[in-house]
Each structure stands twice: as C-alpha cells, then as structure tokens.
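Below is one structure, written out as structure tokens, with a few remarks after it.
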Amino acid sequence: MKPFEDRKFVILGIFLVIGLIFLGRLFFIQVVDDSYQLSANNQALRSITQYPVRGLIYDRKGQLLVYNEAAYDLMVVPSKVNDFDTAAFCNLLQITDSVFETKISKARKYSRYRPSVFQKQIPASDWALISERLYKFNGFYGEKRTLRKYPKATSAHILGYISEVGGSDIEKDNYYKSGDYIGKRGLEKEYESVLRGVRGKKVLMVDVHNRVKGSYRSGLYDTLPIAGKNLVSSIDRDLQAYGEKLMQGKRGSIVAIEPATGEILAMVSAPSYDPNLLVGRPRSKNYKVLQQNDSLNPLFNRTINAMYRPGSIFKIVQSLIALDEGVIKEETRFKCNRSIIGCHGSHTNDDLVGAIQHSCNPYFYQVYKRLIQRGEKSNIFKDANLGLNRWQERVKKFGFGVRLETDLPGLKKGLVPDPAFYNRWYGENRWAFSTIYSNSIGEGELQVVPIQMANLAATIANKGYYYQPHLVKSIGEDSVKRPEFTERVDTEVDSSFFNPVIEAMYKVVNETGGTARRARIDSIVVCGKTGTVQNDPWPDHSVFMAFAPMKNPKIAIAVYVEYSDFGGTWAAPISSLMIEQYLTGETTRPDKEKRITDAQFLDIYEGKK
Amino acid sequence: MRAKNSIFQNIDWTIFWVFTALVLMGWINIYAATYSEEHQSIFDMSMSYGKQLIWIVTSYVLVWVVLMLDPRFFSRLAYPIYGVCMALLVGVLLFGTEIKGAKSWFTFGGFSFQPSELAKYGTALALTYYLSSLGKKFQGIIVRIKAFIILLIPAALILLQPDTGSVLVYASFIFVMYREGLSGNILLIGLGAAVLFVLALLLNYTTFNLPFDFEISGQTLMISVIGLICLMIHQLFKRVKGIKILIILVFGVISGYVYGVNYLFNDVLQEHQQSRINELLGIEHDPTGAGYNVHQSMIAIGSGGVFGKGFLQGTQTKFNFVPEQSTDFIFCTVGEEWGYFGSLVVIVLFLVLLFRIIIIAERQRSTFSRVYGYCVASIFFFHLAINVGMTIGLAPVIGIPLPFFSYGGSSLWAFTILLFTFVKMDSERMHILS
C-alpha cells in the first residue's frame, strides 16, 4: 500500500457529502418548497384580463334599451414618466395640480413598474382630444373599457344598474375580481350571469424591465372572452317612455301586461330617474344624490316594492270567489244600506253587475259576510276563522299575498290576512266578520303590490289564469325563455263566472253611471274597475285596473296614483291613454294628455307632512 | 506499441464522454439562457451560444493536441509553463483591459483571454512537479513553505487584478497536499477556522443583555466561553507536561483569530463583499440589494419543479431576472428548464467525473501523475462547490465559472487542457514511472 492512500477515502467522502448536500438542498427548493414557483410567476408572468362585452338589452320591438359605449381608463407606468409640462397635462385632463400630485404618488406607491389607473372612464368624446396629445406624456396610455349607455332615458327601474364589485360580491362569487362590474339592481342583477359573459385571459411573459416578451407557452393558458348574451325584454320602449311622461309630477306606478303571455309591456315607477346618471365617473356622486338627498326616493321601484291597500278593484276578486264558492249568484241583490258602510251614487238595490259598476260598498260588505260567516260552526268566532281561512287560500290563487315569480329581484309579497294574522292581532276567538269587514272593499289589512293588480287585470282578461309576469322575452341567440314563465297559473275559479264581472267592468267604462267614464276610447272597448283608497287626512290614492280590447285582450293594466283623487279622475284616464298608445301606436287626445301631464301631486304630500 | 494512430487507444473513455456530455449540455443551456426571438439559430455567431460553439470545437482540437504530446513534456515543462503563466499574470496587470472593475483580460479584436484561467493549469503542473520531486516525504517546514509559495505567487497576482473568486481556487490545493502527507489536522483546523469565522461574524452584530443592566458583546462572550473551555481542559489534563503553555497558546491564537476575523471583515473587505457574506449567513436580508442575485437565482432554480419548465421555456433566466445567466449563474438555467431531474444529472455527472479522476489517480505508478490527478479533481471540486453552492444560497457569491458549462473560451480551454493532460498521463501510465 502506498503511503497515505487511505486518505483518498476522506477526499472522496468530502466530494460525496458536498454532492449530497447539494442534491438535498435542490430537492428542497425545487420539489418541496413551491414558493419559488409562485415568485417566478409573479415576476415573469402578467395575466391580462380580456373583458367580455356585456350583453345588450332590447325592447320587444327590437329597439335598444341598453348598449355599451367605449370609455377609456388613462393608465400610467410611473417608471416611464419623464419630466413633462404638468400644467398642460392637468389642463388637458381638467384636473388641478394637487389632484395630479395625489394620483401620481398613489400610482408610484402601488408600483413604479406596473401600470395603474390614473383616471377612470374618460368618455370617448373627451378621449379623442386627450389621445391626440398623449404622445407628449411618456408613461401614460389609454385602456379601453365599456360603459353602459341608454339611448332613451327610460326604464331605469327595470334595467337597474351595474357598479364596481364590493368585497361581499367577491366573497360570494370568486369569479369577480376587484375592479369588475356587477349588476346591482333590476335586470342587470337578475340576469347578471347571462349578461356578463365570460372573462378571457392572456398570459404574457415580461422581462426584468417589465417589457412584454411574448405570449406564455404560445398562448396555452390564454382564453378568449365570451361576450355576454343579449336579452330581449318584453317592454315596449315607446309605451314605457309614454307612461313615464304621464306619471311626471306624480308618485305612483303603472304596470301593463300582455295577458296571453304574462309579458310586462310597461312598468313605470314614479318618480324615476335618468339611468345615464348612474354610469361612469359621475355615478357615485349622482347615486348619493338619488339615494340620500331626494326625499321622493326615485331609486325605489314602486311597481314591485310598494304595498298599498287595493281599494275597490278588489271587489272583482270578492265577486269571483263568492260566485265560485256559491255564496252568491249573478242575480243576487243586496240593499245599499249605507248605515253600515258608506257608499256613493244613486243606486239602491243592485245585482252583482250593477254593484261592480257602481262600486257599491254595502253590497260587498254582504258578499264578504257570506264568505266569512259560512254558518258551518255555531260559534261565530270559529265560523269566521274557518271562512277567513278558506277565503285567503282562494285570494292567494290570484297572486295576492304571494311572491310572484317575476324576473325582478326584491319583489314584495303584499299581505292577505289569514286567521293567524288576526289571532296575533286580536287573540284567538276574539274576532269575527264584524272586526274585519273592511277587507270586503279592499281596505282593512289587505296589502297589494302594483304588479299584482296588473296581474289581476290580466287574469280577468284570461278568464281565470295568468302567467308569471316577466320582463325578459328571450335570452341570447337561441331566444330561450325561462321555462317558469310559460307555465299557466290557474285561479281555480270557473271561467264562466268571469262573464258577469267582465260585463260589469265594461259598464264601468262605457255606460253612464260607470265610475271610469274617463277611460273610454271610441275605437277600443276597454273594461276596467276603479278604486279610491282612503288616506285621511291626506288625499286619496287613485287606482284603476283595466284590460282591452274586451274581445281577445291584448293589454292588461293597473295604474296607481298616490295622493291624487278618485280612481276615475286620474288613474282611469292614464290607463286609457296607455291602452290607446299601445294598441294604436299613438294617442289622439292631446287635451286629455295635457291634463294628465300638467297634474302635480307631489306638493300635496310635502305640504301635509 | 506506441503507434501514432493509437493515441486514443488507452484513454479513459468515461472521462471523455462525461466531458462531452457536460460541454454539450453547457452549450444547450447557454443557448436557452440567452435565447431570443431575433436570434433563434443556435449557430448564430453574433450570440454567445454561437461563439461557445467555436470554443467547444477548438477545445476538441486542444484535446487532440494534448493527446498528441509526449507525456514527458508535462513534467519537463512544468516550471516553464508555470513561468509563462506568471508572466501573463504580470502582463495582464500592465496591459490588460479592465472589465467590471478587474484587470483580468487581454483583448484581441473581438475575443478576449483570461490568463488567470490558464494560471490554474500552470500552478497545478508546478506544484505537482515540486511535490513529486520530493520522493516520499512531504515534511519539514521549508518544504511546505516552498509549496505554499508556488500557490502564493499566482494568488497574489490575481488578487491584484482583483479577482477574489479565482484567488480562492488556490485554496483547493490543500486536498492535494493532504493526500501527499500534510497532517489531517490541517483539514480539521481549516474546518474549525471556518466555523469560528462564521460564529465570529454572527456574533459580530449581537449584544447580550445580562442581569443588572450589564451588556456584553457577542465577541466578548465567545472569547469568555472559549476561555472557560480552556480552563476546563486544563483541569482535566493537569498532569500533562507543558499543557499550560499549550492551552495558553491555543487560547491566544483563537482569540486573535476571532478579533482578526472581525478586523478583516470590517476593515479589509469591501462593502459589497460584507453584504454578500451577511446575506449568506442570514444576517441581512435584502432581496433587492445585496441578496438580489441569490434571491433571483433561487427563484429560477426553485421554480423548475421536478421536471423543469422545458427547453427554452424558462422565464427567470431568459428575461434577465437572473444576472450573468450564461456564465456564473448558468446552473440556474439547468434548474429552471430541466428541474430537479436536470440538476441531478449535472451533479451526478460531476461526481462521476471527480470520482473517476481520483480512482484513476490512485492507479498511477508515477507520483507525478497521481499528484496531478488530485490537482485536477481539487480544482474541479472547488469550482463545482462554490458555483453551484452560490446559486442555491449555500456559498457566498464568488464569480467563478462552472467547468465546461459556463460561457467563455478561456475557462473552457483551460479546463479542457487541465483535464486531458491528466487523461494523457493516464493513457501512458504503463510507460511513465517517475
């Protein structure tokens, strides 16, 4: 053995140990610890979101209700900004020096090398000028975005609006990222998943100086954006705009439905607002004004959220239930005994048709008494309990006291009192017909939502059934309609019982002594029923529901004008004009129209408050 | 028996193929590290990978030339070659071109030559010659000092450039001397010195709070603890003659060393060198400053995963996040594009090469060939350990190339000559006896 030969083992051992240490360390950083992968992607990859175009909304005639308009975000990359004429820049953007300073330092704080938004949503009209001069200002560039735009300032409540997602939206649905937009109200909210489309993404590689070096893996991880689907609304834009015009200076609502389909033709909530106010940069400022500083609360959609007593139009429901329950017949007459309940007009002993035509309160007092006190139990309280229970079940079949399954979010149910309701109020067996008789004429505890009144008109027009009233006729290119909107809902009242009611509604409008003579149209046979809801000490609410033409009805409508007057005075002529507008495409009665548009019922409330 | 056409007959093919694999892998990784859309051809002579191809082809010419030489050439001309290398080192200080603050290069037209790469070869030959001429003894202080001077001259000249990385390579010859009879304690003392060095630096920045509002600096504490240990040893071996003096001596040397380290660190090293060492020891953490290189290098390697991102798919190296990605940090491309699998292959190949050299060295009949083999292995090992170690945060950032991998003609040529001189000696081992 050569001297010191064993020492080769020491040296080989050192080589081996170092080699193994390296392999161990490499195993740890390459295989075990994945934080390096993350850091690498953060540094070298940029994911660029490809925003899809949001779906458009058309009206039933193919006219646009909402479309998209280009707007530009002015982006800045602070590291690329050279010295430049700040004054000229501020002048161009119409901002002050101090605003400029805050914005640029905010961008610098975020990142010197990554782009951040310097100014949001510059309208295309302003952008033309800015983009022309932008070459003078290194580090600034525009990025195209889209804004919602409304060709006619109409249908604000129906369409709703979109706004930037908040933290809770992102929590609920991880699709959304900060800076995204989401439908917040109306159709924009209800059809959000359809309208928004699918975001695309482009993964780019950047070098150490943040210069784009090309597509990552030749676009393997890129996705194209898929445009949102267009919606065709059931709304008639012209009718809607006309309704909004008629309701100016008033509080209230109009809902018009096509009876054969349940499609909502117009849905006016007054006061309203211009939907263009809630778009783009002025949005937050305007929203604040509409939300907080306007006592009329124009953002509130009365057609689905306001609850009122229905008034006399409810007598129609009472008639139909009473006929079907067999407690009265068409020929049944009651004395107009005004000592129990007030009435108006000169009738004394009407049959059903006459009682509806004259809106006889004592008559329906008796009808309701027969419905509640059926005489099936000896104890009148228990008897009333039984009667009320059966009555409320039948009323709910008409879509009252239940939430109609329309396609607007936030719909109210209204209230149809049941025995439990009065038991809570008065105590068990401590109430009977005499306690609750106000319901007979649509006063008392009943609460209905305007859309439910229009739905009632449609139900009568259909003689016993309705479709869930809805706002979207078809979705996307395949023209899909939600299946729940094509299912008939039956009131379970025999269709023959509708004939006398419709006859009476015809007379209300078309015969002398009817309460809605103002709703008459020469060329069209309108059937309707007025209601006047008392509000002592304030003026009454004026209510009217109608459908037309009498044969093969095309439109059913309910109008509610708060704090105005009798039903026949305001709600009836508004209905009449709406019907004429829808069926003929124009109105021929400018005087009538002027009388309506001139009427102002906002101050009355203000004064009495 | 020694026909001219048989020069390849007795060579060690394992070494040849490992060499070829490393060189080709290096070339491919240089291509990937500097690849750009505009210069897609791997033969593009305006790019580093095109030039590297020239270096590779010419290095095979050098292999042939070296194998053609008479084996006695190396021992006969060991000192002259050493002398030429030293002259070149002096010359580069006088006539060299300064690149990145160091006068390390001769430039001729578009090409440049780094004499310090060749100096390793010359030094290895000279040291080998000296050690083998001693017969069986590597003993006596004079002999050691002479051997040390052979190393000191090139190290000092290179330090003047200054190129700290290349200077440190000369420390690797300690393995050679150890094999030839230098006391094993020298390795232990080296290890101990390294541990003390690290400890001294770690404690450099620390102060300890003692009860009663006393503060004590880390260094003082360390010296006190060493003193205590010395006292204990003294108590244990009281009876041994002269132990007192020995212990006092050891204590003095250690204390002096600890303070010396701090002096060296604080007053001799430049700020960037201090920062690099502090980063390595975890005293500082500044991924955008001194720690940037290592931070980026580890991201590149760590993001490779098990099988890597694929050829040309690396982002960290190609897009300049990693500095010097085709030279000192070429291992990052291996780690990023080929993953753990690639790292494993490269490290195993190097270990195979090192083991093969040692095994072959031990079968030499001539001391000259054996000692030279150890020189070659030690130099390669040091380069591998420091270069790969720095890319994965285990060694300080010292700019020395990864043999056969890193871009650069001088280093590739020098390593090729270094290695194949040994292959030549081995192929003639039956004929060389001295």
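Quick note on naming: the chains in the structure tokens go A, B, ... in the order shown, residues restart at 1 in each chain, and ligands are numbered from 1 in order of appearance.
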Once DSSP has gone over the backbone, tell me which residues of stretch 127-163 of chain A are in strand (DSSP E), as number ranges by chain.
-> A: 140-149, 162-163
Could you list, as a VMD selection string, the residues of chain A having an atom within 9 Å of chain B when counting only C-alpha atoms?
-> chain A and resid 3 to 8 11 to 12 15 to 16 18 to 19 22 to 23 25 to 41 43 to 45 205 to 209 213 216 to 217
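Between A:Phe364 and the candidates A:Asp565, A:Asp180, A:Glu443, A:Asp126, the tightest atom-to-atom separation, counting only C-alpha atoms, involves A:Glu443.
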Which residues come within 9 Å of A:Val327, counting only C-alpha atoms, excluding same-chain residues fewer than 3 positions away, as a list in words?
-> Ile321, Ala322, Leu323, Asp324, Val367, Arg370, Leu371 and Arg374 of chain A
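Among the residues of stretch 252-302 of chain A, backbone DSSP assigns alpha helix (DSSP H) to A:Arg283, A:Ser284, A:Lys285, A:Asn286, A:Tyr287, A:Lys288, A:Val289, A:Leu290, A:Gln291, A:Gln292, A:Arg302.
Omitting B:His383 and its sequence neighbours fewer than 6 positions away, and counting only C-alpha atoms, the residues within 8 Å are Val169, Ile400, Pro401, Leu402 and Pro403 of chain B.
Counting only C-alpha atoms and comparing A:Val449, A:Ala458, A:Ile170, A:Ala572, the residue that lies closest to A:Lys554 is A:Ala458.
From atom CA of B:Ala126 back to atom CA of B:Ile149, the distance works out to 10.9 Å.
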Can you tell me, as a PyMOL selection string, what residues are no more than 12 Å from A:Thr223 when counting only C-alpha atoms, ignoring any on the same chain fewer than 3 positions away?
-> chain A and resi 47-52+198-203+218-220+226
Quick one, how far is atom CA of B:Val376 from atom CA of B:Leu67?
-> 16.5 Å
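Within 9 Å of stretch 412-414 of chain A there are Ile304, Asn305, Ala306, Met307, Tyr308, Gly399, Phe400, Gly401, Val402, Arg403, Leu404, Leu446, Gln447, Val448, Val449 and Gln452 of chain A, counting only C-alpha atoms and ignoring same-chain residues fewer than 6 positions away.
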Export, as a compact mmCIF listing (two decimals), in the first residue's frame, the selected residues with N, CA and C atoms.
```txt
# COMPACT_ATOMS: atom_id res chain seq x y z
N ILE A 304 -92.93 47.02 -7.77
CA ILE A 304 -92.74 45.72 -7.13
C ILE A 304 -92.46 45.81 -5.64
N ASN A 305 -92.17 47.03 -5.16
CA ASN A 305 -91.78 47.16 -3.76
C ASN A 305 -92.78 47.92 -2.89
N ALA A 306 -93.67 48.68 -3.52
CA ALA A 306 -94.61 49.46 -2.72
C ALA A 306 -95.83 48.58 -2.40
N MET A 307 -96.32 48.65 -1.19
CA MET A 307 -97.52 47.90 -0.82
C MET A 307 -98.63 48.89 -0.46
N TYR A 308 -99.76 48.66 -1.07
CA TYR A 308 -100.91 49.55 -0.85
C TYR A 308 -102.13 48.69 -0.52
N GLY A 399 -102.65 35.40 -6.94
CA GLY A 399 -101.32 36.01 -6.94
C GLY A 399 -101.16 37.10 -5.89
N PHE A 400 -102.13 37.21 -4.99
CA PHE A 400 -102.00 38.19 -3.90
C PHE A 400 -101.44 37.49 -2.67
N GLY A 401 -100.65 38.24 -1.91
CA GLY A 401 -100.10 37.68 -0.67
C GLY A 401 -99.03 36.63 -0.93
N VAL A 402 -98.72 36.43 -2.18
CA VAL A 402 -97.62 35.51 -2.51
C VAL A 402 -96.64 36.27 -3.40
N ARG A 403 -95.42 35.79 -3.44
CA ARG A 403 -94.43 36.48 -4.27
C ARG A 403 -94.54 35.98 -5.69
N LEU A 404 -94.92 36.88 -6.59
CA LEU A 404 -94.97 36.50 -8.00
C LEU A 404 -93.55 36.20 -8.46
N LEU A 446 -105.58 44.35 3.98
CA LEU A 446 -105.04 43.89 2.71
C LEU A 446 -103.91 44.80 2.22
N GLN A 447 -102.85 44.17 1.70
CA GLN A 447 -101.75 44.94 1.12
C GLN A 447 -101.39 44.29 -0.21
N VAL A 448 -101.41 45.08 -1.28
CA VAL A 448 -101.03 44.50 -2.56
C VAL A 448 -99.93 45.35 -3.21
N VAL A 449 -99.27 44.72 -4.11
CA VAL A 449 -98.17 45.37 -4.85
C VAL A 449 -98.71 45.69 -6.24
N GLN A 452 -99.16 43.09 -8.81
CA GLN A 452 -100.22 42.10 -8.54
C GLN A 452 -101.57 42.59 -9.07
```
Write out as a PyMOL selection string each polymer residue whose atoms come within 7 Å of stretch 263-279 of chain A, counting only C-alpha atoms; drop sequence neighbours fewer than 3 positions from it.
-> chain A and resi 147-150+153-154+156+161+234-236+239-240+243-244+247-248+250-258+282-283+286-287+296+298-299+301-303+469-471
